[in-house]
Each structure stands twice: as C-alpha cells, then as structure tokens.
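Participant: Mind looking over this structure? Questions follow.
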Amino acid sequence: MKKVFNQSGILRPVLIITLLFITMFQSNAQQSKPVQSGYAPVNGIKVYYEVYGEGKPIVLLHGAFMTIEGNWAQIIPQLSKTRKVIALEMQGHGHTPYSDRPLTHANMARDVEGVMDYLKIDSADVVGYSMGGSVAYKFAIQSPKRLKKLVIISSTYKTTGWNPEITAAFKSFKPDFFDKTPMHVAYDSVAPDKTKWTKFIEQMIVFAPQPFDFGDDNIAKITAPVLIIAGDNDGIDKVELAKTYKLLGGGVAADMAPMPKSHLAIVPAQSHVGLMMQTDVILGYLNSFLK
C-alpha cells in the first residue's frame, strides 16, 4: 500500500479509498456460493456470471475495476433469500477475459441483454453501481422491454453528471499505480489470464475519462420505475441529479399530484465508496422499491 501514499494530486484520495473499500468489503463479506455460474458467449466475448437464490430475477452490475465479490458480497446473501440474483463481471473484469473489443457502455449493455438471453430471462430488475449504473442506464435505453425496474447507485448517464474533480481524477490514472494493489491481487485470484492485467488497466484508463452523454430525451423516455440512490458527497453533481430525477417524472409537489413511480434517495454523510458499504441502508431502499 506504500505506493498509494506516494501518489500526488487528486488521484490519491480517490484510489486510496477505493483500495480500502475493496479490502474491507472482501474481508467482511459473508461467504455465499452461487447455485450456478459460468460463461455466456455474447457479442464476441465470454461474460462470466453467477446466479444465487430463487424468485424474480434481479441483475447486479458492478463498478469500474471491481468484481462480483468486491462490489456485492454483502448484498447478495440478503437479496438471494427472496430473489434470483444474477451478477455479472463485465468485459475484462474478474473472471471475464480481457478483450480487444472496444470497451463502451453500449457494448456492455448489450452484454447484459446477451447474458439474460443465455439464461432465458425475459425481463428483470437491474441494479448498477458507479460504472455499472451508467451501463444500467444504457441498458434501459437500448433494451426497454427487458427491464422491469431500474436502480442506479451513485452514478450518472453523462460525464457532466460527475463533479469536476472526479472527471479530473479519471484523467490522472496511471497504469503503474495499480500494480501490486488489492485490485491487482483480486484480479490475479480469478482472472483466466493473469498476463492481461496491464492491458486491462490500460483499456480502463482510456475508457474512464472518455466523455459520454446518453441524452436527456432518452432518459425521459424510460418508462420503467427508477430508484436513484446517491450519497450526499459521493462525487455526483446534485444539481444534475435533480435534473435527472425531474426527467424521470420526479420532483413534483406530491400533495397536489400523484406520487411519482420513480424515487430519489440522498443518503447523508456518505461518499461514493462509503455509500456502497451501507448495506442495511441500500437493502432497505431496494426492498421497499422492488417489492
């Protein structure tokens, strides 16, 4: 971890907390074994998936640089008591092999639909955190008939949805910073080809700062109910977040009009990483919204 503290600029606090998050989440994780796991051949790559529990399907999409275990280890055991949980590892992440295929939100959203096809799931609730939330937005736009309800945790559908310091941090990423970190260790423990580590990191460093905007009009056309969960200090621009909620039909005076089907939850005193560690809070919102 000494390498972390030798870094300068805004990159240091962002990645320090991310590394601590992964380490703490994995060490505190409740061990849960999938009832099914494997690879779905979709869109020219093989996407790793795990299935837990039985019931109505819910798809979990992890954040950047993360794995199923690193992101969802605390959530899955509780969700799978009443739901069929399908967790994916996106292109190059975890068990899913590195690919030279362009890494884009659109490709990853198509992969989600491809895995659902492979598992014969017509439609599902979809939950995405951070990068996974952006992919979930794209899935909602590209595959609306496959979506029942959408949950976005600390994420956005456009670059300007992040605070400027976050987009600056993305541009500061350097490949050698990640070497021999907990991220690297986690990768080596599950990746099918450990020699692809550097290529994976380089691909992510190119992907992360790329400007993107899925369009206000497209967000406004989402007909599925949407729950947005954000920390009050999680790096998401709250002015833009309020505009997003308005596009989804929220922000009304519900004493004089029907309560919107989409909901917004701002969790106090939470950062981007800290929010995801509030397991009971996240589960409370999920269970209420998805019931």
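Residues in the structure tokens are numbered from 1 in each chain, the chains being A, B, ... in the order shown, and ligands are numbered from 1 in the order shown.
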Against segment 209-219 of chain A, which residues of segment 77-120 of chain A fall within 10 Å? For each one I want the closest pair of atoms and the distance in Å (one decimal), counting only C-alpha atoms, rows by chain and increasing residue number, as CSV.

Facilitator:
```
residue,atom,partner,partner_atom,distance
A:Thr104,CA,A:Gln210,CA,9.5
A:His105,CA,A:Phe212,CA,9.0
A:Ala106,CA,A:Phe214,CA,9.8
```

Participant: Would you tabulate, counting only C-alpha atoms, all residues of segment 102-199 of chain A that have an atom at most 8 Å from an atom of segment 62-74 of chain A, showing the closest pair of atoms and their distance in Å to one decimal, sorted by chain then ascending number, as CSV?

Facilitator:
```
residue,atom,partner,partner_atom,distance
A:Gly128,CA,A:His62,CA,6.2
A:Tyr129,CA,A:Gly63,CA,5.4
A:Ser130,CA,A:Gly63,CA,5.0
A:Met131,CA,A:Gly63,CA,4.7
A:Gly132,CA,A:His62,CA,4.9
A:Gly133,CA,A:Gly63,CA,7.7
A:Met183,CA,A:Phe65,CA,7.2
```

Participant: Generate the output file for the selected residues, N, CA, C and O atoms, as a PDB file, in the first residue's frame.

Facilitator:
```pdb
ATOM      1  N   GLY A 128     -27.350  -1.113 -10.798  1.00  0.00           N
ATOM      2  CA  GLY A 128     -25.984  -0.809 -11.200  1.00  0.00           C
ATOM      3  C   GLY A 128     -25.343   0.207 -10.282  1.00  0.00           C
ATOM      4  O   GLY A 128     -25.983   1.192  -9.889  1.00  0.00           O
ATOM      5  N   TYR A 129     -24.094  -0.046  -9.931  1.00  0.00           N
ATOM      6  CA  TYR A 129     -23.332   0.874  -9.084  1.00  0.00           C
ATOM      7  C   TYR A 129     -22.211   1.522  -9.885  1.00  0.00           C
ATOM      8  O   TYR A 129     -21.470   0.832 -10.598  1.00  0.00           O
ATOM      9  N   SER A 130     -22.084   2.843  -9.790  1.00  0.00           N
ATOM     10  CA  SER A 130     -20.989   3.583 -10.415  1.00  0.00           C
ATOM     11  C   SER A 130     -20.946   3.294 -11.919  1.00  0.00           C
ATOM     12  O   SER A 130     -21.915   3.547 -12.613  1.00  0.00           O
ATOM     13  N   MET A 131     -19.858   2.746 -12.446  1.00  0.00           N
ATOM     14  CA  MET A 131     -19.814   2.412 -13.864  1.00  0.00           C
ATOM     15  C   MET A 131     -20.969   1.484 -14.234  1.00  0.00           C
ATOM     16  O   MET A 131     -21.582   1.616 -15.305  1.00  0.00           O
ATOM     17  N   GLY A 132     -21.278   0.549 -13.352  1.00  0.00           N
ATOM     18  CA  GLY A 132     -22.399  -0.351 -13.594  1.00  0.00           C
ATOM     19  C   GLY A 132     -23.719   0.381 -13.684  1.00  0.00           C
ATOM     20  O   GLY A 132     -24.632  -0.045 -14.396  1.00  0.00           O
ATOM     21  N   GLY A 133     -23.837   1.511 -12.977  1.00  0.00           N
ATOM     22  CA  GLY A 133     -25.038   2.322 -13.085  1.00  0.00           C
ATOM     23  C   GLY A 133     -25.165   2.985 -14.447  1.00  0.00           C
ATOM     24  O   GLY A 133     -26.255   3.074 -15.010  1.00  0.00           O
ATOM     25  N   MET A 183      -6.465  -4.412  -5.768  1.00  0.00           N
ATOM     26  CA  MET A 183      -7.139  -4.627  -7.054  1.00  0.00           C
ATOM     27  C   MET A 183      -6.391  -5.660  -7.879  1.00  0.00           C
ATOM     28  O   MET A 183      -6.990  -6.550  -8.499  1.00  0.00           O
TER      29      MET A 183
END
```

Participant: Using only C-alpha atoms, I'd like a table of the residues in segment 104-204 of chain A that come within 12 Å of segment 249-270 of chain A; for each, show the closest atom pair and its distance in Å rounded to one decimal, ordered by chain and ascending number, as a tab-separated table.

Facilitator:
```
residue	atom	partner	partner_atom	distance
A:Lys149	CA	A:Ser262	CA	9.3
A:Leu150	CA	A:Ser262	CA	9.1
A:Val151	CA	A:His263	CA	9.4
A:Ile152	CA	A:Leu264	CA	9.7
A:Ile153	CA	A:Ala265	CA	9.6
A:Ser154	CA	A:Ile266	CA	9.7
```

Participant: Using only C-alpha atoms, which of A:Ala40, A:Ala136, A:Ile201, A:Ile86 sits nearest Tyr118 of chain A?

Facilitator: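 Once distances to Tyr118 of chain A are computed over only C-alpha atoms, the minimum belongs to A:Ala40.
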
Participant: For Asn107 of chain A, which of A:Thr167, A:Ser271, A:Ser123, A:Asn43 is the closest residue, counting only C-alpha atoms?

Facilitator: A:Asn43
